[in-house]
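Student: Dropping in target-v3.txt, with compact mmCIF, C-alpha atoms and all ligand atoms.
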```
# COMPACT_ATOMS: atom_id res chain seq x y z
CA MET A 3 5.08 -0.84 21.16
CA SER A 4 6.46 2.38 22.56
CA ASP A 5 4.88 5.20 24.48
CA ALA A 6 7.82 7.46 24.73
CA SER A 7 10.77 8.82 22.81
CA LEU A 8 13.23 6.02 22.17
CA ASP A 9 16.39 7.96 21.52
CA PRO A 10 17.51 9.55 24.80
CA THR A 11 20.05 11.74 23.01
CA ALA A 12 17.28 13.32 20.97
CA ALA A 13 14.73 13.67 23.76
CA GLY A 14 13.47 17.19 24.14
CA GLN A 15 14.10 18.12 20.51
CA GLU A 16 11.25 20.21 19.26
CA ALA A 17 8.97 18.56 16.71
CA GLN A 18 8.41 20.37 13.44
CA PHE A 19 5.35 20.21 11.23
CA SER A 20 7.35 17.93 8.91
CA ASP A 21 7.71 15.37 11.73
CA TYR A 22 3.95 15.12 12.21
CA PHE A 23 3.52 14.96 8.45
CA ALA A 24 6.09 12.13 8.25
CA LEU A 25 3.93 10.11 10.67
CA LEU A 26 1.34 9.91 7.89
CA LYS A 27 3.73 7.92 5.61
CA PRO A 28 3.09 10.38 2.75
CA ARG A 29 5.27 8.66 0.14
CA VAL A 30 3.57 5.28 0.45
CA MET A 31 0.16 6.93 0.62
CA THR A 32 0.60 8.66 -2.78
CA LEU A 33 -0.01 5.37 -4.59
CA VAL A 34 -2.74 4.37 -2.11
CA VAL A 35 -4.53 7.64 -2.83
CA PHE A 36 -4.03 7.23 -6.56
CA THR A 37 -5.73 3.79 -6.52
CA ALA A 38 -8.59 5.29 -4.49
CA LEU A 39 -8.88 8.11 -7.03
CA VAL A 40 -9.10 5.62 -9.89
CA GLY A 41 -11.82 3.70 -8.02
CA LEU A 42 -13.72 6.95 -7.58
CA LEU A 43 -13.33 8.25 -11.13
CA ALA A 44 -13.83 4.91 -12.91
CA ALA A 45 -17.18 4.30 -11.20
CA PRO A 46 -20.26 4.70 -13.41
CA ASP A 47 -21.91 7.18 -11.03
CA GLN A 48 -20.29 10.56 -11.04
CA VAL A 49 -20.09 12.76 -7.99
CA HIS A 50 -19.66 16.53 -8.01
CA PRO A 51 -15.94 17.43 -8.43
CA PHE A 52 -15.94 19.15 -5.04
CA VAL A 53 -17.35 16.03 -3.36
CA ALA A 54 -14.75 13.92 -5.21
CA LEU A 55 -11.98 16.21 -3.94
CA CYS A 56 -13.27 15.97 -0.36
CA ALA A 57 -13.57 12.19 -0.63
CA ILE A 58 -9.97 11.81 -1.80
CA LEU A 59 -8.77 14.17 0.90
CA PHE A 60 -10.56 12.21 3.64
CA ILE A 61 -9.29 8.87 2.30
CA ALA A 62 -5.75 10.30 2.27
CA VAL A 63 -6.17 11.56 5.84
CA GLY A 64 -7.54 8.15 6.92
CA GLY A 65 -4.58 6.40 5.27
CA GLY A 66 -2.19 8.82 6.98
CA ALA A 67 -3.90 8.26 10.32
CA SER A 68 -3.37 4.52 9.99
CA GLY A 69 0.30 5.21 9.23
CA ALA A 70 0.64 7.26 12.43
CA LEU A 71 -0.97 4.47 14.49
CA ASN A 72 1.35 1.94 12.83
CA MET A 73 4.36 4.09 13.76
CA TRP A 74 3.11 4.44 17.35
CA TRP A 75 2.75 0.68 17.80
CA ASP A 76 5.92 -0.24 15.90
CA ALA A 77 8.25 2.37 17.43
CA ASP A 78 10.36 -0.35 19.09
CA ILE A 79 10.82 -2.19 15.78
CA ASP A 80 11.45 1.03 13.85
CA ALA A 81 14.18 1.99 16.32
CA VAL A 82 16.33 -1.04 15.43
CA MET A 83 15.87 -1.02 11.65
CA ARG A 84 18.24 1.17 9.66
CA ARG A 85 15.50 2.12 7.17
CA THR A 86 13.15 3.38 9.89
CA ALA A 87 15.42 4.46 12.77
CA LYS A 88 15.22 8.13 11.80
CA ARG A 89 11.41 8.23 11.95
CA PRO A 90 9.95 10.87 14.27
CA ILE A 91 9.23 8.58 17.25
CA PRO A 92 12.46 6.50 17.43
CA SER A 93 14.51 9.64 16.86
CA GLY A 94 12.76 11.27 19.81
CA ARG A 95 11.16 14.24 18.06
CA VAL A 96 7.60 13.03 18.59
CA THR A 97 6.33 10.92 21.49
CA GLY A 98 4.34 7.73 21.08
CA GLU A 99 1.36 9.37 22.81
CA GLU A 100 1.39 12.26 20.36
CA ALA A 101 1.43 9.88 17.39
CA ARG A 102 -1.37 7.77 18.87
CA GLY A 103 -3.46 10.88 19.63
CA LEU A 104 -2.95 12.24 16.13
CA GLY A 105 -3.73 8.85 14.55
CA LEU A 106 -6.92 8.36 16.55
CA ALA A 107 -8.13 11.92 16.01
CA LEU A 108 -7.49 11.82 12.25
CA SER A 109 -9.09 8.36 11.98
CA GLY A 110 -12.30 9.61 13.60
CA PHE A 111 -12.24 12.83 11.59
CA SER A 112 -11.66 11.13 8.21
CA VAL A 113 -14.31 8.42 8.68
CA MET A 114 -16.92 10.87 9.91
CA PHE A 115 -16.33 13.45 7.19
CA LEU A 116 -16.13 10.85 4.42
CA GLY A 117 -19.51 9.57 5.59
CA LEU A 118 -20.99 13.06 5.64
CA ALA A 119 -19.48 14.05 2.29
CA THR A 120 -20.32 10.81 0.44
CA ASN A 121 -22.06 7.88 2.10
CA TRP A 122 -21.70 5.48 5.05
CA VAL A 123 -20.72 2.46 2.96
CA ALA A 124 -17.52 4.29 1.93
CA ALA A 125 -17.01 5.55 5.50
CA GLY A 126 -17.52 2.02 6.89
CA LEU A 127 -14.98 0.63 4.42
CA LEU A 128 -12.48 3.33 5.41
CA ALA A 129 -12.98 2.54 9.11
CA PHE A 130 -12.55 -1.17 8.40
CA THR A 131 -9.36 -0.52 6.39
CA ILE A 132 -7.82 1.54 9.20
CA PHE A 133 -8.80 -1.20 11.68
CA PHE A 134 -7.39 -3.91 9.41
CA TYR A 135 -4.03 -2.18 8.91
CA VAL A 136 -3.56 -1.12 12.52
CA VAL A 137 -5.08 -3.99 14.50
CA ILE A 138 -5.02 -7.03 12.20
CA TYR A 139 -1.76 -6.34 10.36
CA THR A 140 0.34 -4.17 12.68
CA MET A 141 -0.68 -5.39 16.12
CA TRP A 142 -1.38 -9.02 15.32
CA LEU A 143 -0.03 -10.55 12.09
CA LYS A 144 3.20 -8.59 11.60
CA ARG A 145 4.99 -10.01 14.65
CA TRP A 146 3.34 -13.41 14.50
CA THR A 147 3.44 -15.03 11.05
CA PRO A 148 5.45 -14.82 7.81
CA GLN A 149 2.05 -14.71 6.07
CA ASN A 150 1.68 -11.24 7.66
CA ILE A 151 1.80 -9.31 4.42
CA VAL A 152 -0.16 -11.85 2.38
CA ILE A 153 -3.18 -11.50 4.67
CA GLY A 154 -2.39 -7.97 5.89
CA GLY A 155 -2.01 -6.83 2.29
CA ALA A 156 -5.80 -6.70 2.14
CA ALA A 157 -5.60 -3.42 4.05
CA GLY A 158 -3.72 -1.72 1.24
CA ALA A 159 -6.09 -3.21 -1.34
CA PHE A 160 -9.26 -1.59 0.01
CA PRO A 161 -8.67 2.05 -1.10
CA PRO A 162 -9.93 1.59 -4.71
CA MET A 163 -13.05 -0.05 -3.25
CA ILE A 164 -13.48 2.90 -0.90
CA GLY A 165 -13.19 5.30 -3.84
CA TRP A 166 -15.70 3.30 -5.86
CA ALA A 167 -18.11 3.13 -2.91
CA ALA A 168 -17.74 6.89 -2.37
CA ALA A 169 -19.11 7.41 -5.88
CA THR A 170 -21.70 4.63 -6.05
CA GLY A 171 -22.58 3.75 -2.45
CA GLY A 172 -21.79 0.09 -3.14
CA VAL A 173 -19.38 -2.62 -4.23
CA SER A 174 -19.16 -4.11 -7.74
CA ILE A 175 -17.24 -6.64 -9.79
CA GLU A 176 -14.97 -3.84 -11.06
CA SER A 177 -14.06 -2.65 -7.57
CA VAL A 178 -13.48 -6.24 -6.43
CA LEU A 179 -11.10 -6.68 -9.39
CA MET A 180 -9.19 -3.54 -8.36
CA PHE A 181 -9.01 -4.90 -4.81
CA SER A 182 -7.74 -8.28 -6.05
CA LEU A 183 -5.10 -6.71 -8.28
CA THR A 184 -3.63 -4.73 -5.37
CA PHE A 185 -3.99 -7.66 -2.98
CA LEU A 186 -2.01 -10.04 -5.21
CA TRP A 187 0.51 -7.33 -6.08
CA THR A 188 1.47 -6.69 -2.44
CA PRO A 189 3.53 -9.88 -1.77
CA PRO A 190 5.95 -9.45 -4.72
CA HIS A 191 6.10 -5.70 -3.95
CA PHE A 192 7.06 -6.27 -0.36
CA TRP A 193 9.19 -9.43 -0.60
CA ALA A 194 11.46 -7.78 -3.17
CA LEU A 195 12.14 -5.11 -0.57
CA ALA A 196 12.54 -7.69 2.19
CA LEU A 197 15.21 -9.44 0.09
CA PHE A 198 17.49 -6.43 0.22
CA MET A 199 16.46 -5.46 3.78
CA ARG A 200 16.56 -8.87 5.46
CA LYS A 201 19.09 -7.83 8.09
CA ASP A 202 16.74 -5.08 9.25
CA TYR A 203 13.90 -7.54 9.89
CA ASP A 204 16.34 -10.07 11.38
CA ASN A 205 17.59 -7.50 13.89
CA ALA A 206 14.06 -6.45 14.76
CA GLY A 207 12.84 -10.05 15.15
CA VAL A 208 9.99 -9.55 12.68
CA PRO A 209 9.04 -12.93 11.15
CA MET A 210 9.16 -11.83 7.51
CA LEU A 211 9.45 -14.66 4.98
CA THR A 212 13.13 -13.84 4.36
CA VAL A 213 13.83 -14.38 8.06
CA THR A 214 11.71 -17.49 8.68
CA HIS A 215 12.13 -19.30 5.35
CA GLY A 216 15.34 -17.78 3.97
CA ARG A 217 16.07 -15.97 0.74
CA PRO A 218 15.87 -18.84 -1.79
CA SER A 219 12.34 -19.65 -0.60
CA THR A 220 11.34 -15.96 -0.68
CA ARG A 221 12.67 -15.71 -4.24
CA LYS A 222 10.49 -18.64 -5.28
CA HIS A 223 7.49 -17.07 -3.52
CA VAL A 224 8.02 -13.83 -5.48
CA PHE A 225 7.90 -15.79 -8.75
CA VAL A 226 4.83 -17.87 -7.82
CA TYR A 227 2.85 -14.84 -6.64
CA THR A 228 3.86 -12.92 -9.75
CA ILE A 229 2.42 -15.70 -11.95
CA ILE A 230 -0.90 -15.58 -10.06
CA LEU A 231 -0.90 -11.78 -10.24
CA ALA A 232 -0.17 -11.80 -13.97
CA ALA A 233 -3.03 -14.26 -14.59
CA LEU A 234 -5.46 -11.97 -12.79
CA ALA A 235 -4.09 -8.78 -14.36
CA LEU A 236 -4.43 -10.22 -17.87
CA ALA A 237 -7.85 -11.77 -17.21
CA THR A 238 -9.05 -8.35 -16.02
CA GLY A 239 -8.49 -7.14 -19.58
CA PHE A 240 -11.43 -9.30 -20.71
CA THR A 241 -13.86 -8.04 -18.07
CA SER A 242 -16.05 -4.94 -17.95
CA ALA A 243 -13.17 -3.11 -16.23
CA GLY A 244 -10.70 -3.77 -19.05
CA GLY A 245 -10.44 -3.24 -22.78
CA PRO A 246 -7.80 -3.15 -25.56
CA LEU A 247 -5.78 -0.30 -24.08
CA TYR A 248 -5.64 -1.85 -20.62
CA LEU A 249 -4.80 -5.23 -22.13
CA SER A 250 -1.89 -3.80 -24.14
CA VAL A 251 -0.47 -2.11 -21.05
CA ALA A 252 -1.00 -5.28 -18.98
CA ILE A 253 0.72 -7.54 -21.53
CA VAL A 254 3.86 -5.38 -21.60
CA LEU A 255 4.01 -4.81 -17.85
CA ASN A 256 3.31 -8.40 -16.90
CA ALA A 257 5.93 -9.68 -19.32
CA MET A 258 8.45 -7.32 -17.67
CA PHE A 259 7.29 -8.24 -14.17
CA LEU A 260 7.44 -11.99 -14.89
CA LYS A 261 10.92 -11.62 -16.36
CA GLY A 262 12.00 -9.68 -13.26
CA ALA A 263 10.50 -12.30 -10.93
CA TRP A 264 12.18 -15.09 -12.91
CA ASP A 265 15.53 -13.31 -12.57
CA ILE A 266 14.98 -12.87 -8.84
CA TRP A 267 14.20 -16.56 -8.45
CA HIS A 268 17.34 -17.61 -10.33
CA ARG A 269 19.69 -15.15 -8.65
CA ASP A 270 22.82 -16.44 -7.06
CA GLU A 271 22.95 -15.09 -3.50
CA ILE A 272 26.66 -14.21 -3.62
CA MET A 273 26.15 -12.42 -6.93
CA ALA A 274 23.19 -10.52 -5.44
CA GLU A 275 25.31 -9.36 -2.51
CA THR A 276 28.15 -8.38 -4.84
CA ASP A 277 25.98 -6.11 -6.96
CA ASN A 278 24.17 -4.78 -3.89
CA TYR A 279 20.81 -6.32 -4.82
CA ALA A 280 20.48 -4.29 -8.01
CA VAL A 281 17.96 -6.74 -9.54
CA GLU A 282 15.80 -6.84 -6.40
CA LYS A 283 15.88 -3.06 -6.08
CA GLY A 284 14.96 -2.71 -9.76
CA PHE A 285 12.06 -5.12 -9.32
CA PHE A 286 10.79 -3.17 -6.29
CA LYS A 287 10.80 0.06 -8.33
CA LEU A 288 9.10 -1.74 -11.20
CA SER A 289 6.40 -2.92 -8.77
CA LEU A 290 5.47 0.71 -8.07
CA LEU A 291 5.30 1.55 -11.77
CA TYR A 292 3.35 -1.68 -12.38
CA LEU A 293 0.50 -0.78 -10.05
CA PHE A 294 0.46 2.86 -11.09
CA LEU A 295 0.18 2.02 -14.80
CA HIS A 296 -2.40 -0.74 -14.34
CA PHE A 297 -4.65 1.65 -12.45
CA GLY A 298 -3.93 4.43 -14.94
CA ALA A 299 -5.02 2.08 -17.75
CA LEU A 300 -8.19 1.07 -15.87
CA LEU A 301 -9.05 4.74 -15.51
CA ALA A 302 -8.36 5.33 -19.20
CA GLU A 303 -10.70 2.45 -20.14
CA ALA A 304 -13.47 3.81 -17.91
CA THR A 305 -13.03 7.26 -19.43
CA ILE A 306 -13.10 5.88 -22.98
CA ALA A 307 -16.29 3.94 -22.18
CA ARG A 308 -17.91 7.05 -20.70
CA LEU A 309 -16.98 9.17 -23.73
CA GLY A 310 -18.40 6.43 -25.96
CA ILE A 311 -21.74 6.60 -24.13
CA LEU A 312 -21.74 10.39 -24.36
CA TRP A 313 -20.88 10.24 -28.05
CA GLY A 314 -23.69 7.76 -28.66
CA ALA A 315 -26.16 10.00 -26.87
CA LEU A 316 -25.32 12.99 -29.08
C1 LIG B 401 0.80 -4.80 3.83
C2 LIG B 401 1.12 -4.29 2.65
C3 LIG B 401 2.38 -3.53 2.35
C4 LIG B 401 3.60 -3.62 2.93
C5 LIG B 401 4.05 -4.52 4.07
C6 LIG B 401 4.44 -2.63 2.28
C7 LIG B 401 5.73 -2.35 2.64
C8 LIG B 401 6.48 -1.32 2.13
C9 LIG B 401 7.71 -0.87 2.69
C10 LIG B 401 8.35 -1.44 3.93
C11 LIG B 401 8.15 0.15 1.94
C12 LIG B 401 9.40 1.00 2.16
C13 LIG B 401 8.80 2.29 2.64
C14 LIG B 401 9.58 3.22 3.46
O1 LIG B 401 10.69 2.96 3.82
O2 LIG B 401 8.98 4.27 3.75
C15 LIG B 401 7.18 0.37 0.90
C16 LIG B 401 7.27 1.33 -0.07
C17 LIG B 401 6.25 1.72 -0.84
N1 LIG B 401 5.01 1.15 -0.89
FE1 LIG B 401 4.43 -0.53 0.07
N2 LIG B 401 3.73 -1.99 1.31
C18 LIG B 401 2.48 -2.50 1.33
C19 LIG B 401 1.44 -2.14 0.55
C20 LIG B 401 1.48 -1.07 -0.29
C21 LIG B 401 0.33 -0.60 -1.04
C22 LIG B 401 -1.05 -1.24 -1.00
C23 LIG B 401 0.75 0.47 -1.75
C24 LIG B 401 -0.01 1.31 -2.71
C25 LIG B 401 -1.11 0.98 -3.28
C26 LIG B 401 2.15 0.67 -1.46
C27 LIG B 401 2.91 1.66 -2.00
C28 LIG B 401 4.23 1.89 -1.72
C29 LIG B 401 5.01 2.97 -2.28
C30 LIG B 401 4.52 4.03 -3.26
C31 LIG B 401 6.29 2.85 -1.75
C32 LIG B 401 7.52 3.74 -2.07
C33 LIG B 401 7.62 4.83 -1.07
C34 LIG B 401 8.88 5.63 -1.32
O3 LIG B 401 9.06 6.14 -2.42
O4 LIG B 401 9.66 5.75 -0.38
N3 LIG B 401 2.55 -0.28 -0.59
N4 LIG B 401 6.17 -0.53 1.03
C1 LIG B 402 -7.08 4.34 3.37
C2 LIG B 402 -6.19 3.54 4.20
C3 LIG B 402 -6.53 3.36 5.62
C4 LIG B 402 -5.09 3.05 3.63
C5 LIG B 402 -4.10 2.20 4.27
C6 LIG B 402 -3.29 1.63 3.17
C7 LIG B 402 -2.24 0.71 3.64
C8 LIG B 402 -2.58 -0.30 4.65
C9 LIG B 402 -1.04 0.76 3.09
C10 LIG B 402 0.05 -0.14 3.52
C11 LIG B 402 1.28 0.66 3.53
C12 LIG B 402 2.47 0.15 4.23
C13 LIG B 402 3.67 0.99 4.23
C14 LIG B 402 2.55 -0.99 4.85
C15 LIG B 402 3.81 -1.42 5.53
O1 LIG B 402 3.70 -1.35 6.88
P1 LIG B 402 4.91 -1.84 7.73
O2 LIG B 402 4.60 -1.53 9.13
O3 LIG B 402 5.23 -3.26 7.45
O4 LIG B 402 6.09 -0.97 7.12
P2 LIG B 402 7.17 -0.09 7.85
O5 LIG B 402 8.20 -1.04 8.34
O6 LIG B 402 7.68 0.82 6.76
O7 LIG B 402 6.47 0.66 8.95
```
Represent the supplied structure as structure tokens.
Tutor:
Amino acid sequence: MSDASLDPTAAGQEAQFSDYFALLKPRVMTLVVFTALVGLLAAPDQVHPFVALCAILFIAVGGGASGALNMWWDADIDAVMRRTAKRPIPSGRVTGEEARGLGLALSGFSVMFLGLATNWVAAGLLAFTIFFYVVIYTMWLKRWTPQNIVIGGAAGAFPPMIGWAAATGGVSIESVLMFSLTFLWTPPHFWALALFMRKDYDNAGVPMLTVTHGRPSTRKHVFVYTIILAALALATGFTSAGGPLYLSVAIVLNAMFLKGAWDIWHRDEIMAETDNYAVEKGFFKLSLLYLFLHFGALLAEATIARLGILWGAL
């Protein structure tokens, strides 16, 4: 945890708007916000488009706030990892106190306004998600156990449930399925990245699976979790959330994902180093497309079902 600028050579540099914006982890949050949007739009109850826009904005702000609090707490780790060393706090452009203040203020603001704009179930879920990511994952699990992202991944899985609750005021089998899909997707998503970033986590002393159990074990974990994920993703096709379109998308994507995970498992370590982890990097990129297209297909199914009801009523 750091309270102050970590790079003495950069101390005193003036922060730009882009530095504060970077604290919100905007790139990661795009997919988080997309899953929340699908939860909101796929729900059977429709909210006014302006309310929907406000809800998504407040969920995005809440997600960003949790990112800023994560960067405040993890500034010491970020400073020693190549991937994160240029972030606003370790590079000295923003102080830890500023990030913490911004994160706390935006957390309060987003929860309160989501509650006022939609309902308090959605606001409560948003508050819990921020708490889970910042306190349970960042402050507790991340530095303590290699299961950090398996359990902590729940934080990133809540947004579609928040979106659904914003529209309906409750939780349902469909929103639990969306949660489960994201929850089981997180380990392969992250471990693929950890495979080509192991030195970073080693240097920072973070007990990621690659550090505590080594790469061969992590490779096997990626494959096992991908099988469980594929089983759930395909089974979802036969529930009220799925349908033929979703199922077609899921069959293609899961076949590709399983093939990628199999290749990762059977990779020779020297070969992987020689080609600069091309397979692992490809699998990480595929993981982003995987989640995006699964949620896109779920939204398409919900839209088709809604049009069918409308058509029947005419
Ligand atoms: C605890 C769970 C998770 C962990 C530990 C994790 C970890 C990471 C890390 C370390 C990166 C590299 C990001 C960077 O350098 O800025 C990344 C990228 C990314 N993650 Fe995750 N992630 C998690 C969950 C999620 C979830 C739930 C989503 C979306 C639903 C997500 C979406 C993304 C996206 C879109 C990127 C690419 C960002 C870019 O283009 O730079 N992640 N993730
Ligand atoms: C609505 C709401 C509150 C959403 C939160 C969603 C959420 C928890 C997303 C997880 C995103 C993420 C980059 C985790 C990695 O943290 P890390 O600290 O391991 O990664 P780092 O090393 O890049 O900082």
Student: So, with only C-alpha atoms as the atoms that count, which of A:Phe60, A:Trp267, A:Trp187, A:Phe285 lies closest to Ser219 in chain A?
Tutor: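 Nearest candidate to Ser219 in chain A out of A:Phe60, A:Trp267, A:Trp187, A:Phe285: A:Trp267.
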Student: Quick one: residues within 7 Å of range 199-207 of chain A, all atoms listed in the file, excluding same-chain residues fewer than 2 positions away - as a PyMOL selection string?
Tutor: chain A and resi 79+82-84+195-197+209-210+212-213
Student: Select, from A:Ala87, A:Ala243, A:Val173, A:Leu255, the residue with the minimum atom-to-atom distance to Ala124 in chain A, counting all atoms listed in the file.
Tutor: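 Of the candidates, the smallest distance to Ala124 in chain A is held by A:Val173.
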Student: I'd like the box whose edges run along x, y and z of the file and which contains every listed atom of ligand LIG 402 (chain B), padded by 8 Å per side; could you state its centre and edge lengths in Å, one decimal, as JSON?
Tutor:
```
{"center_x": 0.6, "center_y": 0.5, "center_z": 6.1, "size_x": 31.3, "size_y": 23.6, "size_z": 22.0}
```
Student: Name the closest residue to Ala101 in chain A among the candidates A:Lys222, A:His296, A:Arg217, A:Arg89; distances are taken between atoms, counting all atoms listed in the file.
Tutor: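 Checking each candidate against Ala101 in chain A, we get A:Arg89 as the closest.
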Student: Counting all atoms listed in the file, give me one row per residue of chain A with an atom at most 6 Å from an atom of ligand LIG 402 (chain B), showing the shortest contact pair and its distance in Å to one decimal, sorted by chain then residue number, as JSON lines.
Tutor:
```
{"residue": "A:Val30", "atom": "CA", "partner": "B:LIG402", "partner_atom": "C13", "distance": 5.7}
{"residue": "A:Val34", "atom": "CA", "partner": "B:LIG402", "partner_atom": "C6", "distance": 6.0}
{"residue": "A:Ile61", "atom": "CA", "partner": "B:LIG402", "partner_atom": "C1", "distance": 5.2}
{"residue": "A:Gly64", "atom": "CA", "partner": "B:LIG402", "partner_atom": "C3", "distance": 5.1}
{"residue": "A:Gly65", "atom": "CA", "partner": "B:LIG402", "partner_atom": "C2", "distance": 3.5}
{"residue": "A:Ser68", "atom": "CA", "partner": "B:LIG402", "partner_atom": "C3", "distance": 5.5}
{"residue": "A:Leu128", "atom": "CA", "partner": "B:LIG402", "partner_atom": "C1", "distance": 5.9}
{"residue": "A:Thr131", "atom": "CA", "partner": "B:LIG402", "partner_atom": "C3", "distance": 4.9}
{"residue": "A:Ile132", "atom": "CA", "partner": "B:LIG402", "partner_atom": "C3", "distance": 4.2}
{"residue": "A:Tyr135", "atom": "CA", "partner": "B:LIG402", "partner_atom": "C8", "distance": 4.9}
{"residue": "A:Ala157", "atom": "CA", "partner": "B:LIG402", "partner_atom": "C8", "distance": 4.4}
{"residue": "A:Gly158", "atom": "CA", "partner": "B:LIG402", "partner_atom": "C7", "distance": 3.7}
{"residue": "A:Pro161", "atom": "CA", "partner": "B:LIG402", "partner_atom": "C1", "distance": 5.3}
```
Student: Please find the residues contacting ligand LIG 401 (chain B) at a distance of at most 9 Å between atoms, with all atoms listed in the file counted, and report them as a PyMOL selection string.
Tutor: chain A and resi 27-38+85-86+135+139-140+144+150-162+184-185+187-189+191-193+195-196+286-287+289-291+293-294
Student: Find the residue from A:Gln149, A:Val63, A:Asp21, A:Phe134 that sits nearest to Pro92 in chain A; use only C-alpha atoms when measuring.
Tutor: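 Under the stated criterion, the closest residue is A:Asp21.
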Student: For CA of Leu234 in chain A and CA of Phe133 in chain A, determine how far apart the two atoms are, in Å to one decimal place.
Tutor: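 Computing the Euclidean distance for CA of Leu234 in chain A and CA of Phe133 in chain A yields 26.9 Å.
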Student: For each of A:Val96, A:Leu42, A:Ala57, A:Ile91, take the minimum atom-to-atom distance to Leu300 in chain A, counting all atoms listed in the file, then give the residue where this is smallest.
Tutor: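 So, comparing all the options, the nearest one is A:Leu42.
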Student: Skipping near chain neighbours, those fewer than 5 positions away, what residues fall within 8 Å of Ala299 in chain A using only C-alpha atoms, listed as a PyMOL selection string?
Tutor: chain A and resi 247-248+251
Student: When you draw a straight line from CA of Ile253 in chain A to CA of Arg269 in chain A, how long is it in Å?
Tutor: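 Calculated distance between CA of Ile253 in chain A and CA of Arg269 in chain A is 24.2 Å.
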Student: Return the single residue from A:Ser250, A:Gln18, A:Asn256, A:Thr214 that is closest to Thr228 in chain A, with distances computed using only C-alpha atoms.
Tutor: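 Closest to Thr228 in chain A of all the choices is A:Asn256.
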Student: Near Ile230 in chain A, counting all atoms listed in the file, which residues have an atom at most 10 Å away, once you skip same-chain residues fewer than 4 positions from it, shown as a ChimeraX atom specification?
Tutor: /A:183,186-187,225-226,234-235
Student: Kindly give the distance, in Å, that separates CA of Thr305 in chain A and CA of Ile229 in chain A, rounded to a single decimal.
Tutor: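 Going from CA of Thr305 in chain A over to CA of Ile229 in chain A covers 28.7 Å.
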Student: Show which residues sit within 12 Å of Gly103 in chain A, as a list in words. Count only C-alpha atoms, and ignore same-chain residues fewer than 3 positions away.
Tutor: Asp5, Tyr22, Leu25, Ala67, Ser68, Ala70, Leu71, Met73, Trp74, Val96, Thr97, Gly98, Glu99, Glu100, Leu106, Ala107, Leu108, Ser109 and Gly110 of chain A
